[in-house]
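The next block is data-v3.txt, given as compact mmCIF, C-alpha atoms and all ligand atoms.
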```txt
# COMPACT_ATOMS: atom_id res chain seq x y z
CA MET M 1001 41.32 133.19 213.88
CA ASN M 1002 39.26 136.30 213.29
CA ALA M 1003 36.09 136.78 211.28
CA GLY M 1004 37.71 139.19 208.80
CA CYS M 1005 39.92 136.31 207.71
CA GLU M 1006 43.45 137.39 208.34
CA PRO M 1007 44.50 133.96 209.59
CA GLU M 1008 47.39 133.56 211.97
CA PHE M 1009 50.83 132.59 210.69
CA PRO M 1010 50.49 129.07 209.14
CA PRO M 1011 51.48 126.56 211.84
CA TRP M 1012 53.27 124.27 209.33
CA LEU M 1013 55.65 127.14 208.49
CA ARG M 1014 56.72 127.67 212.11
CA PRO M 1015 59.33 124.83 212.22
CA PRO M 1016 61.16 125.95 209.04
CA LEU M 1017 61.05 129.58 210.24
CA GLU M 1018 62.50 128.51 213.59
CA ARG M 1019 65.24 126.67 211.76
CA LEU M 1020 66.17 129.70 209.66
CA LEU M 1021 66.20 132.01 212.67
CA GLY M 1022 68.36 129.49 214.54
CA LEU M 1023 70.90 129.55 211.70
CA SER M 1024 70.75 133.34 211.69
CA ALA M 1025 71.38 133.52 215.45
CA GLU M 1026 74.41 131.26 215.06
CA GLY M 1027 75.75 133.26 212.12
CA GLN M 1028 75.34 130.15 209.99
CA LEU M 1029 73.03 131.41 207.26
CA PRO M 1030 73.99 129.97 203.85
CA SER M 1031 74.78 132.40 201.05
CA GLY M 1032 72.25 130.56 198.87
CA LEU M 1033 69.03 128.97 200.14
CA LEU M 1034 66.66 127.06 197.88
CA LEU M 1035 63.19 127.03 199.37
CA THR M 1036 61.04 124.47 197.65
CA GLY M 1037 57.66 122.81 198.10
CA PRO M 1038 54.29 122.43 196.39
CA PHE M 1039 52.47 125.35 194.83
CA GLY M 1040 50.43 127.28 197.39
CA VAL M 1041 52.11 125.78 200.47
CA GLY M 1042 53.39 129.18 201.62
CA LYS M 1043 57.04 129.38 200.52
CA GLY M 1044 56.73 133.12 199.88
CA VAL M 1045 54.96 133.63 203.22
CA LEU M 1046 57.79 131.80 204.98
CA ALA M 1047 60.53 133.69 203.12
CA ARG M 1048 58.93 137.08 203.83
CA ALA M 1049 58.33 136.25 207.49
CA PHE M 1050 62.02 135.39 207.77
CA LEU M 1051 63.16 138.58 206.04
CA GLN M 1052 60.83 140.72 208.13
CA ARG M 1053 61.90 138.95 211.31
CA VAL M 1054 65.53 139.76 210.50
CA ALA M 1055 64.53 143.39 209.82
CA CYS M 1056 62.44 143.62 213.02
CA THR M 1057 64.16 145.49 215.83
CA ARG M 1058 61.67 144.57 218.55
CA ALA M 1059 61.01 140.84 218.15
CA ASP M 1060 63.47 139.78 220.90
CA ASP M 1061 62.86 136.05 221.37
CA ALA M 1062 59.55 135.94 219.47
CA LEU M 1063 59.29 133.77 216.37
CA LEU M 1064 57.36 136.36 214.40
CA PRO M 1065 58.21 140.00 213.65
CA CYS M 1066 56.35 142.63 215.70
CA GLY M 1067 54.88 144.42 212.67
CA ASN M 1068 55.14 147.84 214.32
CA CYS M 1069 58.79 148.85 214.58
CA ASN M 1070 60.77 150.95 212.09
CA GLY M 1071 62.42 147.81 210.68
CA CYS M 1072 59.07 146.13 210.06
CA HIS M 1073 57.62 149.28 208.53
CA ALA M 1074 60.61 149.65 206.19
CA PHE M 1075 60.33 146.00 205.15
CA LEU M 1076 56.56 146.14 204.61
CA GLY M 1077 56.95 149.37 202.65
CA GLY M 1078 59.56 147.72 200.40
CA ILE M 1079 62.22 150.29 201.35
CA HIS M 1080 64.41 148.35 203.81
CA PRO M 1081 68.00 149.19 202.80
CA GLU M 1082 69.31 145.67 203.44
CA ILE M 1083 66.55 143.60 201.83
CA LEU M 1084 65.75 143.22 198.15
CA GLU M 1085 62.84 141.28 196.63
CA VAL M 1086 63.03 140.23 192.99
CA THR M 1087 59.85 139.05 191.28
CA PRO M 1088 58.66 139.11 187.65
CA GLU M 1089 57.28 142.47 186.54
CA GLU M 1090 53.97 140.72 185.92
CA VAL M 1091 52.64 137.46 187.33
CA GLY M 1092 53.57 134.60 185.02
CA LYS M 1093 56.35 136.54 183.26
CA GLU M 1094 60.10 135.88 183.34
CA ILE M 1095 62.74 137.36 185.62
CA LEU M 1096 65.24 139.02 183.30
CA ILE M 1097 69.00 139.45 183.52
CA GLU M 1098 68.60 143.18 184.32
CA ALA M 1099 66.87 142.24 187.58
CA VAL M 1100 69.73 139.90 188.52
CA ARG M 1101 72.27 142.64 187.71
CA GLY M 1102 70.29 144.74 190.18
CA ILE M 1103 71.02 142.08 192.81
CA THR M 1104 74.76 142.28 192.10
CA ASP M 1105 74.67 146.07 192.46
CA PHE M 1106 72.63 145.80 195.65
CA LEU M 1107 75.03 143.32 197.24
CA SER M 1108 78.11 145.34 196.31
CA LEU M 1109 76.94 148.40 198.27
CA SER M 1110 78.58 148.80 201.63
CA HIS M 1111 76.17 148.27 204.47
CA SER M 1112 75.93 148.66 208.20
CA GLY M 1113 73.80 145.67 209.23
CA PRO M 1114 74.99 142.09 209.71
CA ALA M 1115 73.37 140.73 206.54
CA ARG M 1116 72.06 141.66 203.13
CA LEU M 1117 69.13 139.54 202.06
CA VAL M 1118 67.68 138.91 198.64
CA LEU M 1119 64.51 136.98 197.79
CA ILE M 1120 63.93 135.71 194.24
CA GLU M 1121 60.42 134.38 193.67
CA PRO M 1122 59.55 132.34 191.72
CA ALA M 1123 63.20 131.49 191.08
CA GLU M 1124 62.32 129.18 188.16
CA ALA M 1125 61.01 132.26 186.32
CA MET M 1126 64.61 133.41 185.72
CA THR M 1127 65.73 133.31 182.10
CA VAL M 1128 68.84 131.27 181.27
CA ASN M 1129 70.87 134.49 181.09
CA ALA M 1130 69.50 135.67 184.41
CA ALA M 1131 70.33 132.33 186.05
CA ASN M 1132 73.87 132.45 184.63
CA ALA M 1133 74.37 135.94 186.02
CA LEU M 1134 73.09 134.80 189.40
CA LEU M 1135 75.45 131.83 189.36
CA ARG M 1136 78.45 134.16 189.33
CA THR M 1137 77.15 135.86 192.48
CA LEU M 1138 76.48 132.51 194.16
CA GLU M 1139 80.01 131.36 193.32
CA GLU M 1140 81.58 134.36 195.01
CA PRO M 1141 79.02 135.74 197.41
CA PRO M 1142 79.88 139.00 199.17
CA ALA M 1143 80.31 138.64 202.95
CA GLY M 1144 76.99 138.72 204.80
CA ALA M 1145 74.93 138.16 201.66
CA MET M 1146 72.11 135.64 201.57
CA ILE M 1147 70.06 134.89 198.47
CA VAL M 1148 66.79 133.00 199.02
CA LEU M 1149 65.37 131.29 195.94
CA ALA M 1150 61.74 130.24 196.33
CA ALA M 1151 60.74 127.70 193.69
CA THR M 1152 57.81 125.34 193.17
CA ARG M 1153 59.48 123.61 190.24
CA SER M 1154 63.08 123.68 191.40
CA ALA M 1155 64.05 121.06 188.81
CA ARG M 1156 63.72 123.84 186.24
CA LEU M 1157 66.65 125.66 187.83
CA PRO M 1158 70.10 124.86 186.43
CA ALA M 1159 71.85 122.12 188.44
CA THR M 1160 74.77 124.52 188.91
CA ILE M 1161 72.49 126.89 190.84
CA ARG M 1162 70.86 124.13 192.89
CA SER M 1163 74.23 122.73 193.89
CA ARG M 1164 75.30 126.13 195.26
CA CYS M 1165 72.27 126.39 197.56
CA ARG M 1166 71.27 124.77 200.80
CA LEU M 1167 67.90 123.06 200.30
CA LEU M 1168 64.92 123.67 202.56
CA ARG M 1169 61.76 121.78 201.66
CA VAL M 1170 58.33 122.86 202.87
CA PRO M 1171 56.15 119.73 202.79
CA PRO M 1172 52.37 119.98 202.28
CA PRO M 1173 50.57 120.08 205.64
CA PRO M 1174 47.81 117.57 206.53
CA VAL M 1175 44.37 118.69 205.32
CA ALA M 1176 43.08 118.72 208.91
CA THR M 1177 45.80 121.25 209.82
CA VAL M 1178 44.81 123.50 206.94
CA ARG M 1179 41.12 123.17 207.79
CA ALA M 1180 41.81 124.22 211.37
CA TRP M 1181 43.99 127.10 210.15
CA LEU M 1182 41.24 128.41 207.86
CA GLY M 1183 38.78 127.99 210.73
CA ASP M 1184 35.74 130.18 210.34
CA CYS M 1185 37.22 132.32 207.57
CA HIS M 1186 34.71 133.76 205.16
CA GLY M 1187 34.35 136.65 202.74
CA SER M 1188 33.58 135.30 199.30
CA GLY M 1189 30.81 133.06 200.66
CA MET M 1190 32.62 129.84 199.74
CA ALA M 1191 32.70 127.18 202.46
CA VAL M 1192 36.07 125.98 203.76
CA ASP M 1193 35.62 122.39 202.57
CA GLU M 1194 34.63 123.42 199.05
CA ALA M 1195 37.53 125.88 198.89
CA LEU M 1196 39.95 123.18 200.02
CA ALA M 1197 38.71 120.67 197.45
CA ALA M 1198 38.57 123.25 194.64
CA SER M 1199 42.11 124.43 195.41
CA LEU M 1200 43.37 120.83 195.47
CA ASN M 1201 44.10 121.16 199.18
CA ARG M 1202 46.62 123.97 198.63
CA PRO M 1203 46.43 126.12 201.75
CA LEU M 1204 47.00 129.52 200.15
CA GLY M 1205 44.78 128.63 197.19
CA ALA M 1206 41.95 127.76 199.59
CA LEU M 1207 42.49 131.00 201.50
CA GLU M 1208 42.32 132.95 198.24
CA LEU M 1209 39.05 131.23 197.29
CA ILE M 1210 37.59 132.09 200.67
CA ARG M 1211 38.69 135.71 200.54
CA ASP M 1212 38.67 136.71 196.91
CA ALA M 1213 35.58 136.90 194.68
CA ALA M 1214 37.73 136.86 191.49
CA ALA M 1215 39.29 133.52 192.48
CA VAL M 1216 35.81 132.13 193.08
CA GLU M 1217 34.72 133.32 189.63
CA ASN M 1218 37.77 131.59 188.11
CA TRP M 1219 36.84 128.36 189.94
CA ARG M 1220 33.21 128.54 188.78
CA GLN M 1221 34.36 128.99 185.18
CA ASP M 1222 36.75 126.02 185.41
CA ARG M 1223 34.05 123.91 187.05
CA GLU M 1224 31.56 124.80 184.32
CA ALA M 1225 34.06 123.70 181.66
CA LEU M 1226 34.63 120.40 183.48
CA VAL M 1227 30.87 119.86 183.88
CA SER M 1228 30.54 120.42 180.13
CA LEU M 1229 33.21 117.78 179.56
CA LEU M 1230 31.29 115.35 181.78
CA THR M 1231 27.86 115.98 180.31
CA GLN M 1232 28.05 117.07 176.66
CA ASP M 1233 27.64 114.55 173.85
CA THR M 1234 29.61 116.63 171.35
CA PRO M 1235 33.00 118.29 171.94
CA PHE M 1236 32.18 121.78 170.67
CA PRO M 1237 30.32 123.23 173.69
CA THR M 1238 33.25 122.02 175.81
CA VAL M 1239 35.82 123.61 173.48
CA THR M 1240 33.94 126.90 173.90
CA ALA M 1241 33.84 126.47 177.68
CA PHE M 1242 37.57 125.61 177.86
CA ARG M 1243 38.38 128.76 175.85
CA GLN M 1244 36.76 130.89 178.56
CA CYS M 1245 39.16 129.49 181.17
CA ASP M 1246 42.70 130.19 182.29
CA LEU M 1247 44.51 126.98 181.30
CA LYS M 1248 46.94 127.38 184.19
CA SER M 1249 44.16 126.77 186.68
CA LEU M 1250 41.95 124.60 184.45
CA ILE M 1251 44.52 121.92 183.61
CA PRO M 1252 45.43 121.03 187.24
CA ARG M 1253 41.70 120.83 187.97
CA LEU M 1254 41.16 118.66 184.92
CA GLN M 1255 43.91 116.37 186.23
CA CYS M 1256 42.05 116.13 189.54
CA LEU M 1257 38.84 115.27 187.73
CA LEU M 1258 40.58 112.45 185.84
CA LEU M 1259 42.07 111.25 189.12
CA SER M 1260 38.65 111.40 190.80
CA ALA M 1261 37.15 109.28 188.02
CA HIS M 1262 40.02 106.82 188.34
CA TYR M 1263 39.59 106.73 192.12
CA TYR M 1264 35.89 105.94 191.70
CA LEU M 1265 36.60 103.02 189.34
CA ALA M 1266 39.24 101.65 191.70
CA THR M 1267 37.33 102.02 194.98
CA GLY M 1268 33.65 102.68 194.20
CA LEU M 1269 34.02 105.83 196.32
CA HIS M 1270 34.32 109.54 195.58
CA ASN M 1271 37.28 111.67 196.69
CA ASP M 1272 37.02 115.30 197.88
CA PHE M 1273 37.41 116.77 194.41
CA GLY M 1274 34.97 114.27 192.84
CA ARG M 1275 32.32 115.25 195.38
CA LEU M 1276 32.23 118.74 193.85
CA PHE M 1277 30.47 117.20 190.83
CA ASP M 1278 27.21 115.33 190.28
CA ARG M 1279 27.88 111.81 191.46
CA ARG M 1280 26.05 109.92 188.70
CA VAL M 1281 27.49 112.07 185.91
CA LEU M 1282 31.04 111.51 187.16
CA GLU M 1283 30.44 107.78 187.51
CA ALA M 1284 29.11 107.52 183.93
CA PHE M 1285 32.13 109.50 182.68
CA ALA M 1286 34.51 107.19 184.56
CA ARG M 1287 32.89 104.03 183.20
CA ARG M 1288 32.76 105.40 179.66
CA LEU M 1289 36.52 106.09 179.62
CA GLY M 1290 37.75 103.19 181.74
CA ARG M 1291 40.90 102.98 183.84
CA HIS M 1292 43.37 102.53 181.03
CA GLU M 1293 42.14 105.55 179.06
CA LEU M 1294 41.95 107.68 182.23
CA ALA M 1295 45.56 106.84 183.00
CA GLN M 1296 46.58 107.72 179.43
CA LEU M 1297 44.75 111.04 179.63
CA SER M 1298 46.39 111.84 182.98
CA LEU M 1299 49.79 111.33 181.39
CA GLU M 1300 48.88 113.54 178.45
CA SER M 1301 47.56 116.21 180.76
CA LEU M 1302 51.04 116.51 182.27
CA ARG M 1303 52.28 117.49 178.82
CA TRP M 1304 49.41 119.98 178.46
CA GLN M 1305 50.42 121.46 181.78
CA ARG M 1306 54.04 121.88 180.70
CA GLU M 1307 52.85 123.52 177.48
CA ALA M 1308 50.49 125.88 179.31
CA ASP M 1309 53.45 128.27 179.75
CA ALA M 1310 54.46 128.19 176.08
CA PRO M 1311 53.26 130.98 173.80
CA LEU M 1312 51.16 128.71 171.58
CA ASN M 1313 47.69 129.55 170.34
CA PRO M 1314 45.40 128.83 173.31
CA GLU M 1315 42.33 128.33 171.11
CA LEU M 1316 43.95 125.59 169.06
CA ARG M 1317 45.25 124.04 172.23
CA CYS M 1318 41.78 123.93 173.81
CA GLU M 1319 40.40 122.30 170.71
CA SER M 1320 43.05 119.59 170.54
CA MET M 1321 42.74 118.89 174.28
CA VAL M 1322 38.97 118.55 174.18
CA LEU M 1323 39.03 116.43 171.02
CA ARG M 1324 41.50 114.11 172.72
CA LEU M 1325 39.40 114.01 175.91
CA THR M 1326 36.18 113.25 174.03
CA ASN M 1327 37.72 110.89 171.53
CA GLY M 1328 36.02 107.93 173.14
CA ASN M 1329 32.52 109.40 173.06
CA ALA M 1330 32.61 111.56 169.91
ZN ZN K 1 59.20 144.79 214.15
```
Would you write the structure of this file as structure tokens?
Ligand SMILES: [Zn+2]
Amino acid sequence: MNAGCEPEFPPWLRPPLERLLGLSAEGQLPSGLLLTGPFGVGKGVLARAFLQRVACTRADDALLPCGNCNGCHAFLGGIHPEILEVTPEEVGKEILIEAVRGITDFLSLSHSGPARLVLIEPAEAMTVNAANALLRTLEEPPAGAMIVLAATRSARLPATIRSRCRLLRVPPPPVATVRAWLGDCHGSGMAVDEALAASLNRPLGALELIRDAAAVENWRQDREALVSLLTQDTPFPTVTAFRQCDLKSLIPRLQCLLLSAHYYLATGLHNDFGRLFDRRVLEAFARRLGRHELAQLSLESLRWQREADAPLNPELRCESMVLRLTNGNA
């Protein structure tokens, strides 16, 4: 691990990478591979390491690509003739049918190498039309074609697509493994343990918090909104604070706060996430709501999370969430 914080390849991704390279060496790669696992576990890192390793002309028996050969350079520059990456045009947007038609065109070109590889990430961002177009390619894949679908919420993919793919799950690594991997990383000034707790123990989320000042700012804003929820007697300052936040990061953190309060009531102890807040304030919040209400709110927060993608008015949504959360003490 170096001080500039470019950590080594995540050790929990080595076994699945070995497995993929083993299949490749045996000529047994599936035409469709569904790579799934929790958000921030490194599915994209794994998929790209695999693609680059296939492109690498100098890796020999090494697990990882060399990073210096023509194949690696072409891959890293996004111009490798046998590899195509398909992502939304903007983060959080959909993958449209035009992009999937591009895959069909790409795979129909004649090629010299042993395989043509496509990565779609996140695969659940495909529209229904895009998924239907992809299904036709998965049903009759051209020889040597492999399509890797990386998805956090694979249940959102049509069952017809899932059934055409071989499944490879990337389980979340133990926290101790991630802590060791992050080692003495620094940059943004955030300590490893705080970054781990604030990112809900998601390895790549913690790395981002350690490296990236904007991610830290986002965390501080979310934390401020949650502190307001814990401390304010009236809902309106909290509504204002929630409106400053990105609901996609705030809601999972809110869920962790509810879980931390529940954990305290059940055990009298504080979990990692709970320790990021003032102990007495969190305890008073937990007692005020009680276990039943905390469980109810956790359930409702799952619905809020699903709706966070929908194009509804975020201001109204913040208000209804906070009013529901403060119902008991309004
Ligand atoms: Zn190379």
TODO: Provide the atom CA of M:Glu1008 to atom CA of M:His1073 distance in Å, to one decimal place.
DONE: 19.1 Å
Open item on the list: I need the residue nearest M:Pro1007 from this list: M:Ala1180, M:Val1322, M:Leu1276, M:Ala1025. Use all atoms listed in the file for the distance.
Closed with: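 For M:Pro1007, the nearest of the candidates is M:Ala1180.
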Task: Shortest interatomic distance to ligand ZN 1 (chain K) - which of M:Asn1068, M:Ser1320, M:Gln1028, M:Ser1228, counting all atoms listed in the file - done: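 Nearest to ligand ZN 1 (chain K): M:Asn1068.
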Task: Site check for ligand ZN 1 (chain K): residues at most 12 Å away, all atoms listed in the file, as number ranges by chain - done: M: 1049-1076
Open item on the list: Neighbouring residues of M:Arg1280 were defined as those with any atom within 12 Å, considering only C-alpha atoms; residues of the same chain fewer than 6 positions away were excluded. Please report them as a ChimeraX atom specification.
Closed with: /M:1230-1231,1261,1264,1268-1270,1274,1286-1287
Keeping only C-alpha atoms, write those residues as a PDB file, in the frame of the given file.
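Saved result, out26.pdb, follows:
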```pdb
ATOM      1  CA  LEU M1230      31.290 115.350 181.780  1.00  0.00           C
ATOM      2  CA  THR M1231      27.860 115.980 180.310  1.00  0.00           C
ATOM      3  CA  ALA M1261      37.150 109.280 188.020  1.00  0.00           C
ATOM      4  CA  TYR M1264      35.890 105.940 191.700  1.00  0.00           C
ATOM      5  CA  GLY M1268      33.650 102.680 194.200  1.00  0.00           C
ATOM      6  CA  LEU M1269      34.020 105.830 196.320  1.00  0.00           C
ATOM      7  CA  HIS M1270      34.320 109.540 195.580  1.00  0.00           C
ATOM      8  CA  GLY M1274      34.970 114.270 192.840  1.00  0.00           C
ATOM      9  CA  ALA M1286      34.510 107.190 184.560  1.00  0.00           C
ATOM     10  CA  ARG M1287      32.890 104.030 183.200  1.00  0.00           C
TER      11      ARG M1287
END
```
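Here atom CA of M:Ser1260 and atom CA of M:Ala1197 stand 11.4 Å from one another.
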Task: Selected residue, from M:Val1227, M:Arg1014, M:Met1146, M:Thr1160, that lies nearest to M:Gly1027 when counting only C-alpha atoms - done: M:Met1146
TODO: Have a look at atom CA of M:Leu1325 and atom CA of M:Phe1273 and let me know their distance in Å, one decimal.
DONE: 18.8 Å
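The closest residue to M:Pro1010, picked from M:Gln1232, M:Thr1238, M:Ser1199, M:Thr1177 and counting all atoms listed in the file, is M:Thr1177.
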- [ ] Extract, using all atoms listed in the file, all DNA, RNA and protein residues at most 8 Å from M:Pro1016, discarding same-chain residues fewer than 2 positions from it, and format them as a PyMOL selection string.
- [x] chain M and resi 1013-1014+1018-1020+1046+1168+1170
TODO: Find the residues around M:Glu1085 up to 8 Å (only C-alpha atoms counted), leave out those fewer than 3 positions away in its own chain, and share them as a list in words.
DONE: Val1118, Leu1119, Ile1120 and Glu1121 of chain M
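The list of residues with at least one atom within 6 Å of M:Ala1206, based on all atoms listed in the file and without residues fewer than 3 positions apart in the same chain, reads Ala1195, Leu1196, Ser1199, Pro1203 and Leu1209 of chain M.
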Keeping only C-alpha atoms, write those residues as a PDB file, in the frame of the given file.
```pdb
ATOM      1  CA  ALA M1195      37.530 125.880 198.890  1.00  0.00           C
ATOM      2  CA  LEU M1196      39.950 123.180 200.020  1.00  0.00           C
ATOM      3  CA  SER M1199      42.110 124.430 195.410  1.00  0.00           C
ATOM      4  CA  PRO M1203      46.430 126.120 201.750  1.00  0.00           C
ATOM      5  CA  LEU M1209      39.050 131.230 197.290  1.00  0.00           C
TER       6      LEU M1209
END
```
Open item on the list: Residues within 10 Å of (44.1, 123.6, 198.7), file coordinates, counting only C-alpha atoms: what are they? Give the list as a list in words.
Closed with: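 Counting only C-alpha atoms, I find these residues within 10 Å of (44.1, 123.6, 198.7): Phe1039, Gly1040, Val1041, Pro1172, Val1175, Val1178, Arg1179, Val1192, Asp1193, Glu1194, Ala1195, Leu1196, Ala1197, Ala1198, Ser1199, Leu1200, Asn1201, Arg1202, Pro1203, Leu1204, Gly1205, Ala1206, Leu1207, Glu1208 and Leu1209 of chain M.
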Could you please take those selected residues and save C-alpha atoms as a CSV table (one decimal), in the coordinates of the input?
```
chain,number,residue,atom,x,y,z
M,1039,PHE,CA,52.5,125.4,194.8
M,1040,GLY,CA,50.4,127.3,197.4
M,1041,VAL,CA,52.1,125.8,200.5
M,1172,PRO,CA,52.4,120.0,202.3
M,1175,VAL,CA,44.4,118.7,205.3
M,1178,VAL,CA,44.8,123.5,206.9
M,1179,ARG,CA,41.1,123.2,207.8
M,1192,VAL,CA,36.1,126.0,203.8
M,1193,ASP,CA,35.6,122.4,202.6
M,1194,GLU,CA,34.6,123.4,199.0
M,1195,ALA,CA,37.5,125.9,198.9
M,1196,LEU,CA,40.0,123.2,200.0
M,1197,ALA,CA,38.7,120.7,197.4
M,1198,ALA,CA,38.6,123.2,194.6
M,1199,SER,CA,42.1,124.4,195.4
M,1200,LEU,CA,43.4,120.8,195.5
M,1201,ASN,CA,44.1,121.2,199.2
M,1202,ARG,CA,46.6,124.0,198.6
M,1203,PRO,CA,46.4,126.1,201.8
M,1204,LEU,CA,47.0,129.5,200.2
M,1205,GLY,CA,44.8,128.6,197.2
M,1206,ALA,CA,42.0,127.8,199.6
M,1207,LEU,CA,42.5,131.0,201.5
M,1208,GLU,CA,42.3,133.0,198.2
M,1209,LEU,CA,39.0,131.2,197.3
```
Open item on the list: Need the shell around stretch 1302-1307 of chain M: protein/DNA/RNA residues with any atom at most 9 Å away, counting only C-alpha atoms. Skip same-chain ones fewer than 5 positions apart. Format as a PyMOL selection string?
Closed with: chain M and resi 1247-1248+1251-1252+1255+1297+1312+1317+1321
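If you measure from each of M:Gly1144, M:Pro1158, M:Gly1092, M:Pro1015 to M:Leu1029 using all atoms listed in the file, the closest one turns out to be M:Gly1144.
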- [ ] Rank M:Leu1265, M:Ala1241, M:Leu1258, M:Leu1250 by their smallest atom-to-atom distance to M:Trp1219, using only C-alpha atoms, and report the top residue only.
- [x] M:Leu1250
